[in-house]
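Worksheet for the structure shown next.
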Protein chains: 2
Amino acid sequence: MRLLIVDDHPIVRDGLRAALGAEPGMEIVGEAADGAQAVRLAAELRPDVVLMDLRMPGMDGLAAIRELSGSGPRVLVLTTFDTDVLPALEAGAAGYLLKDARPEELARAVRATYEGETVLAPAVAGRLADHVRRPRRSELSRRELEVLRLVAGGATNRQAAAELFISEASVKTHLLHAYAKLDVRDRAAAVAEAFRRGLLGG
Amino acid sequence: MRLLIVDDHPIVRDGLRAALGAEPGMEIVGEAADGAQAVRLAAELRPDVVLMDLRMPGMDGLAAIRELSGSGPRVLVLTTFDTDVLPALEAGAAGYLLKDARPEELARAVRATYEGETVLAPAVAGRLADHVRRPRRSELSRRELEVLRLVAGGATNRQAAAELFISEASVKTHLLHAYAKLDVRDRAAAVAEAFRRGLLGG
DNA sequence: CCGCCCATCCACCGATCGGTGGACCCGGGC
DNA sequence: GCCCGGGTCCACCGATCGGTGGATGGGCGG
C-alpha cells in the first residue's frame with residue numbers, strides 16, 4: 001500500500017511517518033506541504049491512500065480533494081476540526097479522522113480506507129447523522145438575520161435584545177436557530193458564513 | 001427650536017415626544033422611521049436639531065447624516081450602541097448620546113446641541129480619546145490574520161492554538177491585538193469587520 | 001383540524017471568552 | 001545602544017455565550 005502524507009507542518013509529517021512508517025505493508029512514498037503539491041505528487045507517485053490535512057496555506061485540502069476525486073487515490077482527511085466533515089465528504093473524501101486519534105487507530109483507519117471502508121471519527125458521526133436526519137431548511141428567518149446583523153456589528157446578546165425590544169432569551173434562541181441553519185456553532189463562524197452566503201453585504 | 005425625531009420604533013418616538021415635547025422652547029416638528037424619510041422631512045421641515053437613531057432598516061442613520069451634513073440641521077445621534085461613535089462623527093454628527101440617558105440629560109443635550117456644543121455620552125468619550133491617542137497602526141500582522149481566519153472558520157481559541165502549534169494564551173493575545181486594530185470588542189464583530197475590509201475573502 | 005414554523009420567553013449549567021497586567025526573546029530602525 | 005513591534009507565554013477574574021429542555025401563541029398550508 002502506497003501512502004502520501006499531506007500537512008503543512010513538518011513536525012506533523014514526521015509524527016505520521018513515525019507512526020505509520022513501520023507498519024507492515026505500508027510504504028510512505030511522499031510528503032506534501034499544501035494542496036497544489038499534493039495534487040502534483042499524487043499524479044507522479046500514484047499512491048493508494050492520501051492522508052490529507054484540510055487547513056493549509058495556499059491551496060487547501062478541500063480543493064486538493066476535489067482535484068484528486070475520481071482519479072486513483074482514496075483520500076483520508078486528518079484534521080483538528082470536527083466541523084468540516086460535510087464539505088470534505090462532498091469534495092470526495094473517503095474518510096474523516098481527527099488529529100487526537102491514537103497511532104493504532106490511525107494505522108487501522110488507513111488500512112480500512114485502503115480496503116474501501118469509510119472511516120469516520122466517532123465525534124463527527126453524530127454531526128453527519130444530524131444532517132441526514134434534518135433536510136436542513138437553511139434559509140434564515142427575518143428575525144434570525146436581524147439578530148445576526150446586530151451581532152456582526154458588535155452587539156452582545158443583551159444589546160441586540162435592547163435594540164429589538166425582545167428578551168435576551170429570544171435573542172439566544174434566534175442565534176441558536178441561525179447556527180443550526182448555517183451549520184456552525186458560534187457567532188463568529190455564523191457571521192463568516194453569512195458573509196460567504198451574501199446575507200450580510202458580502 | 002425645531003426638532004425632528006428619527007427612530008424606526010414608534011414606541012421610542014412616543015417616548016421622545018413625551019420626554020421633549022413639553023420642554024419650553026422646543027417644538028417637535030416631525031418624525032421619521034428611517035434615513036430616507038429623515039432626509040426628505042429635514043428638507044421640508046427645516047428643523048434646527050435632528051435626533052437620530054443609527055441602526056434602522058432601509059437607509060440607516062449614518063447614511064442620513066452624510067446626506068444632511070453641511071445643510072442646515074445639527075444631528076444628535078441617539079443609539080443603543082457605544083461602538084459607532086467614530087463613523088458617526090466622521091459622517092458629521094454633532095453629538096452622540098446613548099439610549100440609557102435620563103430624560104433631563106436628553107433635554108439638556110438637545111439644547112446644548114442647538115447652541116453649537118458637542119455632546120458626548122461619558123461612556124463613549126473614552127473610546128474617542130483612545131483613538132486620538134493611538135495613531136492606529138491598523139494593519140493586522142500575519143499571525144493575527146491567521147488566528148482570525150481560523151476563528152471565522154469556527155475554531156475556538158483552543159482549536160486555533162492546536163492548529164498553529166502555539167498556546168491558547170498566544171491566541172488570545174493575537175485576537176486582542178486584532179480587536180484593537182479593527183476597533184471591535186469581540187470575535188464576531190472582528191470577523192465582520194475583516195470581511196468588510198476584504199481581509200477574509202470579502 | 002393538525003402540523004409546522006416562527007417568534008417569544010424561562011431557568012440552569014458549564015465552557016468559553018474578554019481583559020488585565022504582566023513576562024521574555026528577537027529583529028529592525030533611529 | 002535603545003526602543004519598538006511582533007510573537008510567544010502566564011495567571012486570574014468576571015462576564016458572556018452555547019446548549020438543554022422546556023413553554024406559549026400566532027399563522028399558514030395540507
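Ordering of the C-alpha cells sets the chain letters (A, B, ...); residue numbers start at 1 within each chain; ligands are numbered from 1 in the order shown.
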
How close does chain D get to chain B? List, as JSON lines, each residue of chain D within 10 Å, its nearest atom pair and the distance in Å to one decimal, counting only C-alpha atoms (C1' of nucleotides).
{"residue": "D:DG6", "atom": "C1'", "partner": "B:Ser141", "partner_atom": "CA", "distance": 7.9}
{"residue": "D:DG7", "atom": "C1'", "partner": "B:Ser170", "partner_atom": "CA", "distance": 8.1}
{"residue": "D:DT8", "atom": "C1'", "partner": "B:Ser170", "partner_atom": "CA", "distance": 6.3}
{"residue": "D:DC9", "atom": "C1'", "partner": "B:Ala169", "partner_atom": "CA", "distance": 6.5}
{"residue": "D:DC10", "atom": "C1'", "partner": "B:Ala169", "partner_atom": "CA", "distance": 7.7}

Closest atom pairs, chain B residues within 10 Å of chain C, only C-alpha atoms (C1' of nucleotides), as a tab-separated table:
residue	atom	partner	partner_atom	distance
B:Thr156	CA	C:DT16	C1'	8.0
B:Asn157	CA	C:DT16	C1'	8.5
B:Arg158	CA	C:DT16	C1'	9.6
B:Lys172	CA	C:DG18	C1'	8.8
B:Leu175	CA	C:DG18	C1'	9.8
B:Leu176	CA	C:DG18	C1'	8.0
B:Arg185	CA	C:DG18	C1'	7.9
B:Asp186	CA	C:DG18	C1'	7.5
B:Arg187	CA	C:DC17	C1'	9.1

Write out, as a PDB file, in the first residue's frame, the residues just selected, with N, CA and C atoms.
ATOM      1  N   THR B 156     -12.456  27.444  18.182  1.00  0.00           N
ATOM      2  CA  THR B 156     -12.316  28.068  19.499  1.00  0.00           C
ATOM      3  C   THR B 156     -10.852  28.471  19.645  1.00  0.00           C
ATOM      4  N   ASN B 157     -10.552  29.210  20.711  1.00  0.00           N
ATOM      5  CA  ASN B 157      -9.165  29.588  20.941  1.00  0.00           C
ATOM      6  C   ASN B 157      -8.290  28.341  21.055  1.00  0.00           C
ATOM      7  N   ARG B 158      -8.808  27.335  21.735  1.00  0.00           N
ATOM      8  CA  ARG B 158      -8.049  26.106  21.936  1.00  0.00           C
ATOM      9  C   ARG B 158      -7.734  25.419  20.601  1.00  0.00           C
ATOM     10  N   LYS B 172      -5.109  34.210  22.363  1.00  0.00           N
ATOM     11  CA  LYS B 172      -5.881  35.296  22.961  1.00  0.00           C
ATOM     12  C   LYS B 172      -5.194  36.637  22.746  1.00  0.00           C
ATOM     13  N   LEU B 175      -5.690  37.759  19.216  1.00  0.00           N
ATOM     14  CA  LEU B 175      -7.062  38.218  18.994  1.00  0.00           C
ATOM     15  C   LEU B 175      -7.284  39.598  19.615  1.00  0.00           C
ATOM     16  N   LEU B 176      -6.799  39.786  20.840  1.00  0.00           N
ATOM     17  CA  LEU B 176      -6.976  41.099  21.480  1.00  0.00           C
ATOM     18  C   LEU B 176      -6.328  42.193  20.638  1.00  0.00           C
ATOM     19  N   ARG B 185     -14.818  44.673  19.732  1.00  0.00           N
ATOM     20  CA  ARG B 185     -14.543  44.096  21.039  1.00  0.00           C
ATOM     21  C   ARG B 185     -14.865  42.613  21.159  1.00  0.00           C
ATOM     22  N   ASP B 186     -15.226  41.965  20.079  1.00  0.00           N
ATOM     23  CA  ASP B 186     -15.381  40.520  20.154  1.00  0.00           C
ATOM     24  C   ASP B 186     -15.131  39.875  18.791  1.00  0.00           C
ATOM     25  N   ARG B 187     -15.007  38.545  18.812  1.00  0.00           N
ATOM     26  CA  ARG B 187     -14.611  37.828  17.609  1.00  0.00           C
ATOM     27  C   ARG B 187     -15.629  37.955  16.480  1.00  0.00           C
TER      28      ARG B 187
END

How would you write, as a PyMOL selection string, the set of residues in segment 2-202 of chain A that DSSP gives as strand (DSSP E or B)?
-> chain A and resi 2-6+27-32+49-52+74-79+95-98+119-120

Just the selected residues (N, CA and C atoms), exported as a PDB file, in the first residue's frame, please.
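Written out: result-v4.pdb:
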ATOM      1  N   ARG A   2       0.676   2.095  -1.011  1.00  0.00           N
ATOM      2  CA  ARG A   2       1.492   3.314  -1.142  1.00  0.00           C
ATOM      3  C   ARG A   2       0.738   4.490  -0.532  1.00  0.00           C
ATOM      4  N   LEU A   3       1.462   5.242   0.315  1.00  0.00           N
ATOM      5  CA  LEU A   3       0.825   6.283   1.118  1.00  0.00           C
ATOM      6  C   LEU A   3       1.460   7.647   0.854  1.00  0.00           C
ATOM      7  N   LEU A   4       0.600   8.665   0.675  1.00  0.00           N
ATOM      8  CA  LEU A   4       1.104  10.042   0.535  1.00  0.00           C
ATOM      9  C   LEU A   4       0.605  10.869   1.713  1.00  0.00           C
ATOM     10  N   ILE A   5       1.531  11.605   2.360  1.00  0.00           N
ATOM     11  CA  ILE A   5       1.192  12.407   3.531  1.00  0.00           C
ATOM     12  C   ILE A   5       1.132  13.882   3.150  1.00  0.00           C
ATOM     13  N   VAL A   6       0.030  14.559   3.510  1.00  0.00           N
ATOM     14  CA  VAL A   6      -0.109  15.978   3.183  1.00  0.00           C
ATOM     15  C   VAL A   6      -0.437  16.774   4.440  1.00  0.00           C
ATOM     16  N   GLU A  27       3.860   1.766   2.751  1.00  0.00           N
ATOM     17  CA  GLU A  27       5.055   2.485   2.349  1.00  0.00           C
ATOM     18  C   GLU A  27       4.707   3.953   2.118  1.00  0.00           C
ATOM     19  N   ILE A  28       5.407   4.825   2.822  1.00  0.00           N
ATOM     20  CA  ILE A  28       5.161   6.254   2.622  1.00  0.00           C
ATOM     21  C   ILE A  28       5.995   6.702   1.438  1.00  0.00           C
ATOM     22  N   VAL A  29       5.297   6.995   0.321  1.00  0.00           N
ATOM     23  CA  VAL A  29       6.026   7.285  -0.905  1.00  0.00           C
ATOM     24  C   VAL A  29       6.310   8.767  -1.090  1.00  0.00           C
ATOM     25  N   GLY A  30       5.685   9.625  -0.269  1.00  0.00           N
ATOM     26  CA  GLY A  30       5.955  11.046  -0.423  1.00  0.00           C
ATOM     27  C   GLY A  30       5.236  11.892   0.596  1.00  0.00           C
ATOM     28  N   GLU A  31       5.637  13.163   0.647  1.00  0.00           N
ATOM     29  CA  GLU A  31       5.022  14.124   1.549  1.00  0.00           C
ATOM     30  C   GLU A  31       4.772  15.415   0.791  1.00  0.00           C
ATOM     31  N   ALA A  32       3.670  16.091   1.132  1.00  0.00           N
ATOM     32  CA  ALA A  32       3.409  17.400   0.536  1.00  0.00           C
ATOM     33  C   ALA A  32       3.014  18.375   1.636  1.00  0.00           C
ATOM     34  N   VAL A  49      -3.392   5.576  -0.969  1.00  0.00           N
ATOM     35  CA  VAL A  49      -4.114   6.364   0.030  1.00  0.00           C
ATOM     36  C   VAL A  49      -3.385   7.684   0.262  1.00  0.00           C
ATOM     37  N   VAL A  50      -4.159   8.779   0.355  1.00  0.00           N
ATOM     38  CA  VAL A  50      -3.587  10.081   0.701  1.00  0.00           C
ATOM     39  C   VAL A  50      -4.127  10.481   2.065  1.00  0.00           C
ATOM     40  N   LEU A  51      -3.207  10.805   2.985  1.00  0.00           N
ATOM     41  CA  LEU A  51      -3.587  11.271   4.301  1.00  0.00           C
ATOM     42  C   LEU A  51      -3.501  12.789   4.257  1.00  0.00           C
ATOM     43  N   MET A  52      -4.658  13.459   4.349  1.00  0.00           N
ATOM     44  CA  MET A  52      -4.698  14.880   3.982  1.00  0.00           C
ATOM     45  C   MET A  52      -5.200  15.778   5.111  1.00  0.00           C
ATOM     46  N   ARG A  74      -7.488   7.089  -2.705  1.00  0.00           N
ATOM     47  CA  ARG A  74      -8.541   7.382  -1.752  1.00  0.00           C
ATOM     48  C   ARG A  74      -7.986   8.337  -0.718  1.00  0.00           C
ATOM     49  N   VAL A  75      -8.745   9.370  -0.402  1.00  0.00           N
ATOM     50  CA  VAL A  75      -8.231  10.415   0.486  1.00  0.00           C
ATOM     51  C   VAL A  75      -8.846  10.307   1.877  1.00  0.00           C
ATOM     52  N   LEU A  76      -7.981  10.108   2.872  1.00  0.00           N
ATOM     53  CA  LEU A  76      -8.430  10.097   4.268  1.00  0.00           C
ATOM     54  C   LEU A  76      -8.059  11.429   4.900  1.00  0.00           C
ATOM     55  N   VAL A  77      -9.074  12.190   5.293  1.00  0.00           N
ATOM     56  CA  VAL A  77      -8.828  13.503   5.891  1.00  0.00           C
ATOM     57  C   VAL A  77      -8.366  13.338   7.343  1.00  0.00           C
ATOM     58  N   LEU A  78      -7.359  14.108   7.713  1.00  0.00           N
ATOM     59  CA  LEU A  78      -6.848  14.082   9.094  1.00  0.00           C
ATOM     60  C   LEU A  78      -6.678  15.522   9.556  1.00  0.00           C
ATOM     61  N   THR A  79      -7.575  15.974  10.436  1.00  0.00           N
ATOM     62  CA  THR A  79      -7.609  17.390  10.770  1.00  0.00           C
ATOM     63  C   THR A  79      -7.919  17.634  12.237  1.00  0.00           C
ATOM     64  N   GLY A  95     -12.762   9.313   3.972  1.00  0.00           N
ATOM     65  CA  GLY A  95     -12.917   9.195   5.416  1.00  0.00           C
ATOM     66  C   GLY A  95     -12.489  10.469   6.113  1.00  0.00           C
ATOM     67  N   TYR A  96     -12.755  10.549   7.413  1.00  0.00           N
ATOM     68  CA  TYR A  96     -12.518  11.800   8.140  1.00  0.00           C
ATOM     69  C   TYR A  96     -12.083  11.447   9.551  1.00  0.00           C
ATOM     70  N   LEU A  97     -10.826  11.706   9.865  1.00  0.00           N
ATOM     71  CA  LEU A  97     -10.303  11.420  11.202  1.00  0.00           C
ATOM     72  C   LEU A  97      -9.838  12.701  11.876  1.00  0.00           C
ATOM     73  N   LEU A  98      -9.834  12.689  13.211  1.00  0.00           N
ATOM     74  CA  LEU A  98      -9.337  13.850  13.946  1.00  0.00           C
ATOM     75  C   LEU A  98      -7.920  13.596  14.447  1.00  0.00           C
ATOM     76  N   VAL A 119     -14.116   5.515   6.841  1.00  0.00           N
ATOM     77  CA  VAL A 119     -13.740   5.712   8.236  1.00  0.00           C
ATOM     78  C   VAL A 119     -14.219   7.075   8.719  1.00  0.00           C
ATOM     79  N   LEU A 120     -14.967   7.088   9.801  1.00  0.00           N
ATOM     80  CA  LEU A 120     -15.408   8.366  10.367  1.00  0.00           C
ATOM     81  C   LEU A 120     -15.052   8.417  11.847  1.00  0.00           C
TER      82      LEU A 120
END

**Asked** So which residues touch Arg55 of chain B within 10 Å, counting only C-alpha atoms (C1' of nucleotides), skipping near sequence neighbours fewer than 3 positions away, as a list in words?
**Response**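 Surrounding residues, per the criterion: Leu150, Gly153 and Glu163 of chain A; Asp7, Asp8, Asp34, Gly35, Met52, Gly58, Met59, Asp60, Gly61, Leu62, Thr79, Thr80, Phe81 and Asp84 of chain B.
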
After a least-squares superposition on chain A using every in-order C-alpha pair, I'd like chain B written out as a CSV table (one decimal) with C-alpha atoms, in the first residue's frame.
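Final output, saved to selection_15.csv:
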chain,number,residue,atom,x,y,z
B,1,MET,CA,0.0,0.0,-0.1
B,2,ARG,CA,1.5,3.3,-1.2
B,3,LEU,CA,0.8,6.3,1.1
B,4,LEU,CA,1.1,10.1,0.5
B,5,ILE,CA,1.2,12.4,3.5
B,6,VAL,CA,-0.1,16.0,3.2
B,7,ASP,CA,0.3,18.5,6.0
B,8,ASP,CA,1.7,22.0,6.2
B,9,HIS,CA,3.6,21.2,9.5
B,10,PRO,CA,6.8,19.3,9.2
B,11,ILE,CA,6.5,18.1,12.7
B,12,VAL,CA,3.2,16.5,12.0
B,13,ARG,CA,4.6,14.9,8.9
B,14,ASP,CA,7.4,13.5,11.0
B,15,GLY,CA,4.9,12.2,13.5
B,16,LEU,CA,2.9,10.5,10.9
B,17,ARG,CA,6.0,9.0,9.3
B,18,ALA,CA,7.0,7.7,12.7
B,19,ALA,CA,3.5,6.3,13.4
B,20,LEU,CA,3.0,4.7,10.0
B,21,GLY,CA,6.4,4.1,8.5
B,22,ALA,CA,7.0,0.9,10.4
B,23,GLU,CA,3.6,-0.6,9.6
B,24,PRO,CA,3.8,-3.8,7.6
B,25,GLY,CA,2.6,-3.4,4.1
B,26,MET,CA,2.7,0.3,4.2
B,27,GLU,CA,5.1,2.5,2.3
B,28,ILE,CA,5.2,6.3,2.6
B,29,VAL,CA,6.1,7.3,-0.9
B,30,GLY,CA,6.0,11.1,-0.4
B,31,GLU,CA,5.0,14.2,1.6
B,32,ALA,CA,3.4,17.4,0.6
B,33,ALA,CA,3.0,20.7,2.5
B,34,ASP,CA,0.0,22.1,0.6
B,35,GLY,CA,-2.8,21.1,-1.7
B,36,ALA,CA,-1.1,22.1,-5.0
B,37,GLN,CA,2.0,20.0,-4.1
B,38,ALA,CA,-0.3,17.1,-3.1
B,39,VAL,CA,-2.0,17.1,-6.4
B,40,ARG,CA,1.3,17.2,-8.3
B,41,LEU,CA,2.9,14.4,-6.2
B,42,ALA,CA,-0.2,12.2,-6.4
B,43,ALA,CA,0.0,12.3,-10.2
B,44,GLU,CA,3.7,11.5,-10.1
B,45,LEU,CA,3.8,8.9,-7.3
B,46,ARG,CA,0.4,7.2,-7.7
B,47,PRO,CA,-0.3,6.5,-4.0
B,48,ASP,CA,-3.1,4.3,-3.0
B,49,VAL,CA,-4.1,6.4,0.0
B,50,VAL,CA,-3.6,10.1,0.7
B,51,LEU,CA,-3.6,11.3,4.3
B,52,MET,CA,-4.7,14.9,4.0
B,53,ASP,CA,-4.9,17.9,6.3
B,54,LEU,CA,-7.6,20.4,5.4
B,55,ARG,CA,-6.5,23.8,6.6
B,56,MET,CA,-3.2,24.7,4.9
B,57,PRO,CA,-1.8,27.9,3.4
B,58,GLY,CA,-2.1,28.2,-0.4
B,59,MET,CA,-4.4,25.5,-1.9
B,60,ASP,CA,-6.2,23.9,1.0
B,61,GLY,CA,-7.1,20.3,1.5
B,62,LEU,CA,-10.7,20.6,0.2
B,63,ALA,CA,-9.6,22.0,-3.2
B,64,ALA,CA,-6.9,19.2,-3.4
B,65,ILE,CA,-9.5,16.5,-2.7
B,66,ARG,CA,-11.7,17.9,-5.5
B,67,GLU,CA,-8.8,17.8,-7.9
B,68,LEU,CA,-8.0,14.2,-6.9
B,69,SER,CA,-11.5,13.0,-6.8
B,70,GLY,CA,-12.2,10.3,-9.3
B,71,SER,CA,-8.6,9.7,-10.2
B,72,GLY,CA,-6.7,7.0,-8.4
B,73,PRO,CA,-6.1,7.6,-4.7
B,74,ARG,CA,-8.5,7.4,-1.8
B,75,VAL,CA,-8.2,10.4,0.5
B,76,LEU,CA,-8.4,10.1,4.3
B,77,VAL,CA,-8.8,13.5,5.9
B,78,LEU,CA,-6.9,14.1,9.1
B,79,THR,CA,-7.6,17.4,10.8
B,80,THR,CA,-8.0,19.2,14.1
B,81,PHE,CA,-11.6,20.3,13.3
B,82,ASP,CA,-14.8,18.3,13.6
B,83,THR,CA,-16.7,21.0,11.7
B,84,ASP,CA,-15.6,20.3,8.1
B,85,VAL,CA,-17.0,16.7,7.6
B,86,LEU,CA,-19.7,17.6,5.1
B,87,PRO,CA,-17.7,19.7,2.7
B,88,ALA,CA,-14.9,17.1,2.9
B,89,LEU,CA,-17.2,14.2,2.0
B,90,GLU,CA,-18.9,16.3,-0.7
B,91,ALA,CA,-15.5,17.0,-2.1
B,92,GLY,CA,-14.9,13.3,-2.3
B,93,ALA,CA,-13.0,12.3,0.8
B,94,ALA,CA,-13.0,8.6,1.7
B,95,GLY,CA,-12.9,9.2,5.4
B,96,TYR,CA,-12.5,11.8,8.1
B,97,LEU,CA,-10.3,11.4,11.2
B,98,LEU,CA,-9.4,13.8,14.0
B,99,LYS,CA,-5.8,14.5,15.0
B,100,ASP,CA,-6.4,13.3,18.5
B,101,ALA,CA,-6.7,9.8,17.2
B,102,ARG,CA,-4.2,7.3,18.7
B,103,PRO,CA,-1.5,6.0,16.4
B,104,GLU,CA,-3.0,2.5,16.3
B,105,GLU,CA,-6.4,3.9,15.4
B,106,LEU,CA,-4.7,5.8,12.6
B,107,ALA,CA,-3.0,2.8,11.2
B,108,ARG,CA,-6.2,0.8,11.3
B,109,ALA,CA,-8.0,3.7,9.6
B,110,VAL,CA,-5.5,3.9,6.8
B,111,ARG,CA,-5.8,0.2,6.2
B,112,ALA,CA,-9.6,0.4,6.3
B,113,THR,CA,-9.5,3.2,3.8
B,114,TYR,CA,-7.3,1.3,1.5
B,115,GLU,CA,-9.8,-1.6,1.6
B,116,GLY,CA,-12.6,0.7,0.6
B,117,GLU,CA,-14.2,1.2,4.0
B,118,THR,CA,-15.5,4.7,5.0
B,119,VAL,CA,-13.7,5.7,8.2
B,120,LEU,CA,-15.4,8.3,10.3
B,121,ALA,CA,-14.2,9.6,13.7
B,122,PRO,CA,-16.9,8.8,16.3
B,123,ALA,CA,-17.1,12.5,17.2
B,124,VAL,CA,-18.2,13.5,13.7
B,125,ALA,CA,-20.5,10.6,13.0
B,126,GLY,CA,-23.2,12.3,15.0
B,127,ARG,CA,-22.8,15.5,13.1
B,128,LEU,CA,-23.3,13.7,9.9
B,129,ALA,CA,-26.3,11.8,11.1
B,130,ASP,CA,-27.9,15.1,12.1
B,131,HIS,CA,-27.5,16.4,8.6
B,132,VAL,CA,-29.2,13.4,7.1
B,133,ARG,CA,-32.0,13.4,9.6
B,134,ARG,CA,-32.8,17.1,9.2
B,135,PRO,CA,-33.4,18.0,5.5
B,136,ARG,CA,-32.1,21.4,6.6
B,137,ARG,CA,-34.5,24.2,6.1
B,138,SER,CA,-31.6,26.4,5.8
B,139,GLU,CA,-33.0,29.9,5.0
B,140,LEU,CA,-32.7,32.3,7.9
B,141,SER,CA,-35.9,33.9,9.1
B,142,ARG,CA,-36.1,37.7,9.1
B,143,ARG,CA,-35.6,37.8,12.9
B,144,GLU,CA,-32.6,35.5,12.8
B,145,LEU,CA,-30.9,37.6,10.2
B,146,GLU,CA,-31.7,40.8,12.1
B,147,VAL,CA,-30.0,39.4,15.2
B,148,LEU,CA,-27.1,38.2,13.3
B,149,ARG,CA,-26.7,41.6,11.6
B,150,LEU,CA,-26.5,43.2,15.0
B,151,VAL,CA,-24.0,40.6,16.3
B,152,ALA,CA,-21.9,41.2,13.3
B,153,GLY,CA,-21.9,44.9,14.2
B,154,GLY,CA,-20.5,44.0,17.6
B,155,ALA,CA,-23.6,43.8,19.7
B,156,THR,CA,-23.8,41.5,22.7
B,157,ASN,CA,-27.0,39.5,23.2
B,158,ARG,CA,-28.1,42.1,25.7
B,159,GLN,CA,-27.5,45.0,23.3
B,160,ALA,CA,-29.2,43.2,20.4
B,161,ALA,CA,-32.2,42.5,22.7
B,162,ALA,CA,-32.4,46.2,23.6
B,163,GLU,CA,-32.3,47.2,20.0
B,164,LEU,CA,-35.0,44.9,19.0
B,165,PHE,CA,-37.2,45.3,22.1
B,166,ILE,CA,-37.2,41.6,22.9
B,167,SER,CA,-35.6,39.7,25.7
B,168,GLU,CA,-32.1,38.2,25.8
B,169,ALA,CA,-33.6,34.8,25.8
B,170,SER,CA,-35.2,35.4,22.5
B,171,VAL,CA,-32.0,36.7,21.1
B,172,LYS,CA,-30.3,33.5,22.2
B,173,THR,CA,-33.0,31.4,20.7
B,174,HIS,CA,-32.8,33.2,17.3
B,175,LEU,CA,-29.0,32.8,17.3
B,176,LEU,CA,-29.1,29.1,18.2
B,177,HIS,CA,-31.6,28.6,15.3
B,178,ALA,CA,-29.3,30.6,13.0
B,179,TYR,CA,-26.3,28.4,14.1
B,180,ALA,CA,-28.2,25.3,13.2
B,181,LYS,CA,-29.2,26.6,9.8
B,182,LEU,CA,-25.8,27.8,9.0
B,183,ASP,CA,-24.2,24.7,10.4
B,184,VAL,CA,-21.9,26.4,12.8
B,185,ARG,CA,-21.6,26.6,16.6
B,186,ASP,CA,-20.7,30.1,17.5
B,187,ARG,CA,-21.4,33.7,16.5
B,188,ALA,CA,-18.0,34.3,14.9
B,189,ALA,CA,-18.4,31.4,12.5
B,190,ALA,CA,-22.1,32.4,11.9
B,191,VAL,CA,-21.0,35.8,10.8
B,192,ALA,CA,-18.4,34.4,8.5
B,193,GLU,CA,-20.8,32.0,6.9
B,194,ALA,CA,-23.4,34.7,6.5
B,195,PHE,CA,-20.9,36.8,4.7
B,196,ARG,CA,-19.9,33.9,2.4
B,197,ARG,CA,-23.6,33.3,1.6
B,198,GLY,CA,-24.0,37.0,0.8
B,199,LEU,CA,-26.5,37.5,3.6
B,200,LEU,CA,-24.5,40.3,5.2
B,201,GLY,CA,-23.4,42.5,2.4
B,202,GLY,CA,-20.8,39.9,1.4

**Request:** Go through chain A and collect every residue that DSSP, computed from the backbone, puts in helix (DSSP H, G or I); the answer should be as a PyMOL selection string.
**Result:** chain A and resi 10-20+35-45+61-68+85-91+103-114+122-133+142-152+157-164+168-182+187-196
